[in-house]
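> Before I ask anything, let me first share the structure, which is written out below as structure tokens.
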There are 2 protein chains.
Amino acid sequence: MKSWIDSANGPECHFPVQNLPFGVAKTTDGVKHCVCAIGDKVIDLAMLEANGFFDPEITTPVFNQPALNDFMQLGPHVWQAVRTSLTQLLIENGNPALKDNNSLREQAIVSMSDVEMKLPFKVAEYTDFYAGRQHATNVGTMFRGAENALPPNWLHIPIGYNGRASTVVVSGTPVRRPLGQTKAPDADAPSFGPCKRLDIELEMGAVVGLSSTMGEPLTVAEADEMIFGYVLLNDWSARDIQAWEYQPLGPFQAKAFATSISPWIVTKAALEEFRVSTPDRDKTLLPYLQEPGPMSYNIELEVYMQSGSAKKATRISKTNYNNLYYSAAQQLAHHASSGCKMNTGDLLGSGTISGPDKTQFGSLLEISWDGKEPFTLESGEARSFIEDGDTLTLTGWAQGDGYRIGFGNCEGTILPAIKASM
Amino acid sequence: MKSWIDSANGPECHFPVQNLPFGVAKTTDGVKHCVCAIGDKVIDLAMLEANGFFDPEITTPVFNQPALNDFMQLGPHVWQAVRTSLTQLLIENGNPALKDNNSLREQAIVSMSDVEMKLPFKVAEYTDFYAGRQHATNVGTMFRGAENALPPNWLHIPIGYNGRASTVVVSGTPVRRPLGQTKAPDADAPSFGPCKRLDIELEMGAVVGLSSTMGEPLTVAEADEMIFGYVLLNDWSARDIQAWEYQPLGPFQAKAFATSISPWIVTKAALEEFRVSTPDRDKTLLPYLQEPGPMSYNIELEVYMQSGSAKKATRISKTNYNNLYYSAAQQLAHHASSGCKMNTGDLLGSGTISGPDKTQFGSLLEISWDGKEPFTLESGEARSFIEDGDTLTLTGWAQGDGYRIGFGNCEGTILPAIKASM
């Protein structure tokens, strides 16, 4: 399936006509609109909507807005109708209404390099899970020894904690090194200052499109239906702050300073043909967590790291989303199991995605094995954790036959800590 | 200081003219407005605003709305100006513009019994702390023994975790018993079903009025300035779900199903004369947590419990807010210490407030000592945890000379768990 927009047809292009991810862009006139990506272009959906291209499914405009939330809460029927309309408008020999309308085409199609991508949706609440078995095993081995690596509940529950929505930022936003309270194991008392063990976590985020009702659990199938799409997610982590604060109530300030996501929400519809099953179970799951079909995806993931002075980034990890033990649908079903109301715009971080090999680890904590085994970038610089000026980039795609359903990049550069006057 | 509204002048009235707390009410016409309480009346602030009573401080209307967020983000100068205007309008021999205007008075002053109180603000995010030393000691003693009762970080950090904002409800909202995954210590595998150890936590909530900037910490003094006011807060807790899920990332579904708050936000201004210092420190706090003055309050707190068949509620706890080791200002400063952005409408739960005596404990877990010492209600019924149909009510006030700055009630009745089809 080809598009009449040539740049969409390359075999490594992230945004072929099969993808059509949604985002929010600020165009040259300074206004934020909902857009979709194709090749190296963005399509202004507000303009298509104003021209009646999504009638009759959308009766009240939803795209002339700085966030996708209103569109998302219209639900799967409208998501599919808009996708079908866009596909017809953008494939070769489809609906010529956009292709053959010079003036509309010039207004509605903008070069990706001419727009500024913004946070694609208003994050209602952010929850981060811990669903990567290899990651949980690695971290557990470092901190509790190999025999006690996995906590006893881990094979029964998609373990998660509530994170901070106010600091979810879009790719490209610089991230300031956090300050925090830490205590070295041999110190008498804690101290306050810049984080010394700053890390990433390679994750994906599931974007909840529909709300649930307070007091009513969801089945895994219902949960899957409610998910609008997926983004790349970097759960920046301050390991020294985390080590001192996290007992007994979990990570707090160590994860609160920033979470970066990619600007494009790749829809569940675009990922359908890449569905795979979650891994075999060591323990039978309780019925409320059992999956009625394949709920994970075959998505290649990579992490790149580049110092402020280096000319080129070094790939430091290559792994796959299908390493996760629990799917986003299982996580969402568990999240609602107590009766917790889920809302349009909730963001669920998958947990760090590590594969079994060291080249497949999704955090520097694992790659440098708790800082004890520094690694070397192609520039010759050694790293255990992130230094000021370093840029970390996540990327990923599902590989189709001659095309890719890509997620673009999720990137962030670390700024030095501010001088606290306290 | 007396009001011309007689019901405000009784010595036990929660809402004298010295209080003037803010809330949101649905009046008989079905519309939600911002209101304030005096005696047994509510004052429709939208109507006073429309009549120019808050000029020139408020230029764009903020009270003709279903939430106080827009008002809160105008900041302390406007909060004080509105308080001063209201005081003048409501005291004896003050500004007669409301008292002497029959038609306005009849429209703007409504009997409290004729309105339905709603959630007073849109909860941006909800964070729950663990700042009660006696509570942390009691719980730690039960689960880890007396020697390890307080975690090593507890005397240095106001420990907190992010909670779920989507299920914060106003007093009077019934609460459904949650379902969840639990595992008895002697069971081979976990099971899923209704919570068997349902509990309350007596807390107060601090309502953040102003936002902070991402990446910029706050001093304790700045944090105190940003707090708009306080509410009663019941952090409903499913102890059996919590015990199985909370390692290693903290409470999740055990706290996610409901949090109840009282409908009236008592302003910081109304509490000024009840400021007291937090308790003496065992360990010197790091400078970023040190208080420049008294940041806690002398507030009497009580908990009542009543079964569905009982005629009368039993008081099961009587304690004081000043038992908290960390103030809300310290909690907020710690919350922002990593650079975490705080927002208008953030809600900070204080942590369970227990005093040293058993009659002063703030949770059933403590009162029944992990369920091992059931207690008896005045109706003769025994309880360790909450049974279906039970109503739990928190109340509290600061005792002035001949008047009370009251918080009203925070009440919830437990409905049976739903039958899950899963």
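All residue names refer to the structure tokens as shown: chains lettered A, B, ... in order, residues numbered from 1 in each chain, ligands numbered from 1 in order.
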Give me, as a PyMOL selection string, all polymer residues having an atom no more than 8 Å from Gln18 (chain B), counting only C-alpha atoms and skipping those fewer than 4 positions away in the same chain.
chain B and resi 1+87+270+405
> Give me, as a PyMOL selection string, all polymer residues having an atom no more than 12 Å from Phe375 (chain B), counting only C-alpha atoms and skipping those fewer than 2 positions away in the same chain.
chain B and resi 305+314-317+358-359+364-373+377-386
> Counting only C-alpha atoms, which residues of chain B come no farther than 6 Å from chain A, as a list in words?
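Interface list for chain B against chain A: Tyr161, Asn162, Ser166, Pro178, Leu179, Gly180, Leu249, Gly250, Phe252, Gln253, Ala256, Phe257, Tyr288, Ser338, Gly339, Cys340, Lys341 and Met422 of chain B.
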> Using the selection just defined, write its residues with N, CA, C and O atoms as a PDB file, in the first residue's frame.

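File written: selection_20.pdb
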```pdb
ATOM      1  N   TYR B 161       3.778   8.999  48.744  1.00  0.00           N
ATOM      2  CA  TYR B 161       3.630   8.288  47.463  1.00  0.00           C
ATOM      3  C   TYR B 161       2.503   8.962  46.708  1.00  0.00           C
ATOM      4  O   TYR B 161       1.625   9.600  47.293  1.00  0.00           O
ATOM      5  N   ASN B 162       2.540   8.825  45.396  1.00  0.00           N
ATOM      6  CA  ASN B 162       1.476   9.384  44.571  1.00  0.00           C
ATOM      7  C   ASN B 162       0.240   8.497  44.672  1.00  0.00           C
ATOM      8  O   ASN B 162       0.339   7.274  44.530  1.00  0.00           O
ATOM      9  N   SER B 166      -8.426  10.320  40.483  1.00  0.00           N
ATOM     10  CA  SER B 166      -9.715  10.081  39.818  1.00  0.00           C
ATOM     11  C   SER B 166     -10.784   9.559  40.765  1.00  0.00           C
ATOM     12  O   SER B 166     -11.957   9.556  40.412  1.00  0.00           O
ATOM     13  N   PRO B 178     -13.890  -2.587  47.819  1.00  0.00           N
ATOM     14  CA  PRO B 178     -13.117  -2.948  46.630  1.00  0.00           C
ATOM     15  C   PRO B 178     -12.919  -4.453  46.508  1.00  0.00           C
ATOM     16  O   PRO B 178     -12.914  -5.178  47.492  1.00  0.00           O
ATOM     17  N   LEU B 179     -12.722  -4.871  45.260  1.00  0.00           N
ATOM     18  CA  LEU B 179     -12.218  -6.207  44.965  1.00  0.00           C
ATOM     19  C   LEU B 179     -10.700  -6.110  44.861  1.00  0.00           C
ATOM     20  O   LEU B 179     -10.151  -5.031  44.633  1.00  0.00           O
ATOM     21  N   GLY B 180     -10.050  -7.246  44.990  1.00  0.00           N
ATOM     22  CA  GLY B 180      -8.606  -7.199  44.810  1.00  0.00           C
ATOM     23  C   GLY B 180      -7.956  -8.541  44.982  1.00  0.00           C
ATOM     24  O   GLY B 180      -8.585  -9.523  45.403  1.00  0.00           O
ATOM     25  N   LEU B 249       7.037  -1.528  45.288  1.00  0.00           N
ATOM     26  CA  LEU B 249       6.817  -0.172  44.762  1.00  0.00           C
ATOM     27  C   LEU B 249       5.729   0.619  45.476  1.00  0.00           C
ATOM     28  O   LEU B 249       5.333   1.679  45.016  1.00  0.00           O
ATOM     29  N   GLY B 250       5.228   0.092  46.608  1.00  0.00           N
ATOM     30  CA  GLY B 250       4.306   0.883  47.403  1.00  0.00           C
ATOM     31  C   GLY B 250       2.848   0.536  47.182  1.00  0.00           C
ATOM     32  O   GLY B 250       2.508  -0.310  46.351  1.00  0.00           O
ATOM     33  N   PHE B 252      -0.948   0.545  45.948  1.00  0.00           N
ATOM     34  CA  PHE B 252      -1.478   0.842  44.612  1.00  0.00           C
ATOM     35  C   PHE B 252      -2.997   0.644  44.632  1.00  0.00           C
ATOM     36  O   PHE B 252      -3.730   1.569  44.982  1.00  0.00           O
ATOM     37  N   GLN B 253      -3.491  -0.541  44.336  1.00  0.00           N
ATOM     38  CA  GLN B 253      -4.934  -0.747  44.319  1.00  0.00           C
ATOM     39  C   GLN B 253      -5.539  -0.693  45.723  1.00  0.00           C
ATOM     40  O   GLN B 253      -6.728  -0.407  45.874  1.00  0.00           O
ATOM     41  N   ALA B 256      -6.576   2.851  45.827  1.00  0.00           N
ATOM     42  CA  ALA B 256      -6.999   3.500  44.585  1.00  0.00           C
ATOM     43  C   ALA B 256      -8.505   3.616  44.438  1.00  0.00           C
ATOM     44  O   ALA B 256      -8.983   4.358  43.586  1.00  0.00           O
ATOM     45  N   PHE B 257      -9.271   2.897  45.244  1.00  0.00           N
ATOM     46  CA  PHE B 257     -10.715   2.803  44.976  1.00  0.00           C
ATOM     47  C   PHE B 257     -11.497   4.019  45.479  1.00  0.00           C
ATOM     48  O   PHE B 257     -12.549   4.326  44.935  1.00  0.00           O
ATOM     49  N   TYR B 288      16.746  22.304  53.513  1.00  0.00           N
ATOM     50  CA  TYR B 288      15.592  22.522  52.616  1.00  0.00           C
ATOM     51  C   TYR B 288      14.275  22.147  53.270  1.00  0.00           C
ATOM     52  O   TYR B 288      13.212  22.476  52.737  1.00  0.00           O
ATOM     53  N   SER B 338      12.819  17.727  43.836  1.00  0.00           N
ATOM     54  CA  SER B 338      13.494  17.180  42.649  1.00  0.00           C
ATOM     55  C   SER B 338      13.296  18.057  41.421  1.00  0.00           C
ATOM     56  O   SER B 338      13.883  17.803  40.382  1.00  0.00           O
ATOM     57  N   GLY B 339      12.434  19.056  41.547  1.00  0.00           N
ATOM     58  CA  GLY B 339      12.030  19.836  40.392  1.00  0.00           C
ATOM     59  C   GLY B 339      10.635  19.457  39.915  1.00  0.00           C
ATOM     60  O   GLY B 339      10.167  19.946  38.891  1.00  0.00           O
ATOM     61  N   CYS B 340       9.965  18.620  40.681  1.00  0.00           N
ATOM     62  CA  CYS B 340       8.598  18.202  40.344  1.00  0.00           C
ATOM     63  C   CYS B 340       7.674  19.414  40.336  1.00  0.00           C
ATOM     64  O   CYS B 340       7.596  20.138  41.326  1.00  0.00           O
ATOM     65  N   LYS B 341       6.990  19.621  39.237  1.00  0.00           N
ATOM     66  CA  LYS B 341       6.055  20.750  39.137  1.00  0.00           C
ATOM     67  C   LYS B 341       4.797  20.461  39.954  1.00  0.00           C
ATOM     68  O   LYS B 341       4.174  19.417  39.801  1.00  0.00           O
ATOM     69  N   MET B 422     -15.747 -12.030  36.777  1.00  0.00           N
ATOM     70  CA  MET B 422     -14.462 -12.578  36.306  1.00  0.00           C
ATOM     71  C   MET B 422     -13.893 -13.572  37.299  1.00  0.00           C
ATOM     72  O   MET B 422     -14.152 -13.542  38.451  1.00  0.00           O
TER      73      MET B 422
END
```
> Could you pull the residues within 8 Å of Asn322 (chain B), counting only C-alpha atoms, minus those fewer than 5 positions along the same chain, as a list in words?
Val276, Ser277, Thr278, Pro279, Ser296, Tyr297, Asn298 and Ile299 of chain B
> Write down as a VMD selection string the residues of region 76-166 of chain B whose backbone DSSP state falls under strand (DSSP E or B).
chain B and resid 91 109 to 111 116 to 118 126 to 129 132 160 to 162
> Take the residues that were just selected and, keeping all heavy atoms, output them as a compact mmCIF listing (two decimals), in the first residue's frame.

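Final file, again35.txt:
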```txt
# COMPACT_ATOMS: atom_id res chain seq x y z
N ILE B 91 -20.26 40.45 58.96
CA ILE B 91 -20.21 40.78 60.39
C ILE B 91 -21.31 41.79 60.74
O ILE B 91 -21.82 42.51 59.87
CB ILE B 91 -18.85 41.40 60.83
CG1 ILE B 91 -18.46 42.60 59.95
CG2 ILE B 91 -17.76 40.36 60.88
CD1 ILE B 91 -17.29 43.39 60.51
N ILE B 109 -28.35 33.90 49.61
CA ILE B 109 -28.18 33.15 50.85
C ILE B 109 -29.17 31.99 50.87
O ILE B 109 -30.37 32.20 50.80
CB ILE B 109 -28.37 34.05 52.08
CG1 ILE B 109 -27.42 35.25 51.99
CG2 ILE B 109 -28.11 33.26 53.37
CD1 ILE B 109 -27.45 36.16 53.19
N VAL B 110 -28.65 30.78 50.93
CA VAL B 110 -29.48 29.58 50.83
C VAL B 110 -29.23 28.72 52.06
O VAL B 110 -28.12 28.68 52.60
CB VAL B 110 -29.12 28.77 49.56
CG1 VAL B 110 -30.09 27.63 49.32
CG2 VAL B 110 -29.05 29.68 48.34
N SER B 111 -30.26 28.04 52.49
CA SER B 111 -30.11 27.11 53.61
C SER B 111 -29.18 25.97 53.20
O SER B 111 -29.32 25.41 52.11
CB SER B 111 -31.48 26.54 53.95
OG SER B 111 -31.63 26.50 55.33
N GLU B 116 -26.80 20.68 47.65
CA GLU B 116 -26.00 19.45 47.65
C GLU B 116 -24.55 19.86 47.48
O GLU B 116 -24.19 20.51 46.49
CB GLU B 116 -26.46 18.59 46.46
CG GLU B 116 -25.85 17.22 46.39
CD GLU B 116 -26.28 16.50 45.10
OE1 GLU B 116 -27.35 16.81 44.54
OE2 GLU B 116 -25.50 15.64 44.66
N MET B 117 -23.73 19.51 48.44
CA MET B 117 -22.32 19.90 48.35
C MET B 117 -21.59 18.95 47.40
O MET B 117 -21.78 17.73 47.45
CB MET B 117 -21.66 19.88 49.74
CG MET B 117 -22.23 20.91 50.71
SD MET B 117 -22.21 22.61 50.10
CE MET B 117 -20.44 22.88 49.89
N LYS B 118 -20.75 19.52 46.55
CA LYS B 118 -20.00 18.75 45.56
C LYS B 118 -18.51 18.82 45.89
O LYS B 118 -18.08 19.57 46.78
CB LYS B 118 -20.25 19.32 44.16
CG LYS B 118 -21.71 19.50 43.81
CD LYS B 118 -22.52 18.23 43.85
CE LYS B 118 -22.29 17.33 42.67
NZ LYS B 118 -23.24 16.17 42.69
N TYR B 126 -3.07 13.75 43.35
CA TYR B 126 -3.24 13.47 44.77
C TYR B 126 -2.01 12.73 45.28
O TYR B 126 -1.61 11.72 44.70
CB TYR B 126 -4.51 12.64 44.98
CG TYR B 126 -4.63 11.99 46.34
CD1 TYR B 126 -4.42 12.73 47.51
CD2 TYR B 126 -4.95 10.65 46.47
CE1 TYR B 126 -4.51 12.13 48.76
CE2 TYR B 126 -5.05 10.04 47.71
CZ TYR B 126 -4.84 10.79 48.85
OH TYR B 126 -4.93 10.19 50.08
N THR B 127 -1.41 13.25 46.32
CA THR B 127 -0.25 12.62 46.94
C THR B 127 -0.58 12.35 48.39
O THR B 127 -1.16 13.21 49.06
CB THR B 127 0.97 13.56 46.86
OG1 THR B 127 1.16 13.96 45.51
CG2 THR B 127 2.22 12.87 47.37
N ASP B 128 -0.19 11.21 48.87
CA ASP B 128 -0.49 10.87 50.25
C ASP B 128 0.81 10.69 51.02
O ASP B 128 1.70 9.96 50.56
CB ASP B 128 -1.33 9.60 50.30
CG ASP B 128 -1.94 9.38 51.67
OD1 ASP B 128 -2.26 10.37 52.34
OD2 ASP B 128 -2.11 8.21 52.06
N PHE B 129 0.92 11.36 52.14
CA PHE B 129 2.14 11.27 52.96
C PHE B 129 1.93 10.31 54.13
O PHE B 129 0.86 9.69 54.28
CB PHE B 129 2.56 12.67 53.40
CG PHE B 129 3.17 13.46 52.29
CD1 PHE B 129 2.38 14.20 51.41
CD2 PHE B 129 4.54 13.44 52.07
CE1 PHE B 129 2.94 14.89 50.36
CE2 PHE B 129 5.12 14.14 51.02
CZ PHE B 129 4.31 14.86 50.17
N GLY B 132 2.70 10.89 60.18
CA GLY B 132 2.35 10.70 61.58
C GLY B 132 3.30 9.72 62.23
O GLY B 132 3.33 8.54 61.87
N GLY B 160 6.28 9.96 51.18
CA GLY B 160 4.98 10.05 50.52
C GLY B 160 4.97 9.21 49.27
O GLY B 160 6.01 8.74 48.81
N TYR B 161 3.78 9.00 48.74
CA TYR B 161 3.63 8.29 47.46
C TYR B 161 2.50 8.96 46.71
O TYR B 161 1.63 9.60 47.29
CB TYR B 161 3.32 6.80 47.69
CG TYR B 161 1.99 6.57 48.34
CD1 TYR B 161 0.86 6.25 47.59
CD2 TYR B 161 1.83 6.72 49.72
CE1 TYR B 161 -0.38 6.10 48.20
CE2 TYR B 161 0.61 6.57 50.33
CZ TYR B 161 -0.49 6.25 49.56
OH TYR B 161 -1.71 6.11 50.16
N ASN B 162 2.54 8.82 45.40
CA ASN B 162 1.48 9.38 44.57
C ASN B 162 0.24 8.50 44.67
O ASN B 162 0.34 7.27 44.53
CB ASN B 162 1.92 9.47 43.12
CG ASN B 162 3.15 10.35 42.95
OD1 ASN B 162 3.09 11.55 43.17
ND2 ASN B 162 4.27 9.75 42.59
```
> Report the distance between CA of Leu301 (chain B) and CA of Val115 (chain B) in Å, rounded to one decimal place.
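Straight-line distance from CA of Leu301 (chain B) to CA of Val115 (chain B) works out to 25.5 Å.
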> Rounded to one decimal place, report the CA of Ile265 (chain A)-CA of Tyr230 (chain A) distance in Å.
5.4 Å
> Would you give me, as an MDAnalysis selection string, the residues in region 355-386 of chain B that DSSP reads as helix (DSSP H, G or I)?
chainID B and resid 358:360 364:367
> So that I can check the surroundings of Phe407 (chain A), please list as a ChimeraX atom specification every protein, DNA and RNA residue that reaches within 7 Å of it, counting only C-alpha atoms and ignoring chain neighbours fewer than 6 positions away.
/A:14,231-232,264,266,395-397
> Could those residues be written to a file, using N, CA, C and O atoms, as a tab-separated table (two decimals), in the first residue's frame?

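Dumped everything to result24.tsv:
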```
chain	number	residue	atom	x	y	z
A	14	HIS	N	9.35	5.90	9.08
A	14	HIS	CA	8.54	5.56	10.26
A	14	HIS	C	7.05	5.79	10.05
A	14	HIS	O	6.23	5.27	10.79
A	231	VAL	N	3.05	5.09	22.83
A	231	VAL	CA	4.17	6.02	22.61
A	231	VAL	C	5.43	5.40	23.20
A	231	VAL	O	5.36	4.48	24.02
A	232	LEU	N	6.58	5.92	22.78
A	232	LEU	CA	7.83	5.62	23.48
A	232	LEU	C	7.85	6.42	24.76
A	232	LEU	O	7.36	7.57	24.80
A	264	TRP	N	4.29	11.24	18.80
A	264	TRP	CA	3.28	10.58	17.97
A	264	TRP	C	2.67	9.40	18.70
A	264	TRP	O	3.37	8.50	19.14
A	266	VAL	N	1.02	6.16	18.20
A	266	VAL	CA	0.76	5.14	17.19
A	266	VAL	C	-0.48	4.37	17.63
A	266	VAL	O	-0.54	3.86	18.76
A	395	THR	N	14.12	4.91	20.24
A	395	THR	CA	13.38	4.81	18.99
A	395	THR	C	12.83	3.39	18.87
A	395	THR	O	13.24	2.49	19.63
A	396	GLY	N	11.87	3.22	17.97
A	396	GLY	CA	11.26	1.90	17.84
A	396	GLY	C	10.34	1.83	16.65
A	396	GLY	O	9.88	2.85	16.14
A	397	TRP	N	10.10	0.60	16.19
A	397	TRP	CA	9.20	0.38	15.06
A	397	TRP	C	8.78	-1.09	15.02
A	397	TRP	O	9.50	-1.97	15.48
```
> Given the choices A:Pro294, A:Pro66, A:Gly345, A:Pro96, which gets closest to Val31 (chain A) if the distance is worked out from only C-alpha atoms?
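Checking each of A:Pro294, A:Pro66, A:Gly345, A:Pro96 against Val31 (chain A), counting only C-alpha atoms, the winner is A:Pro66.
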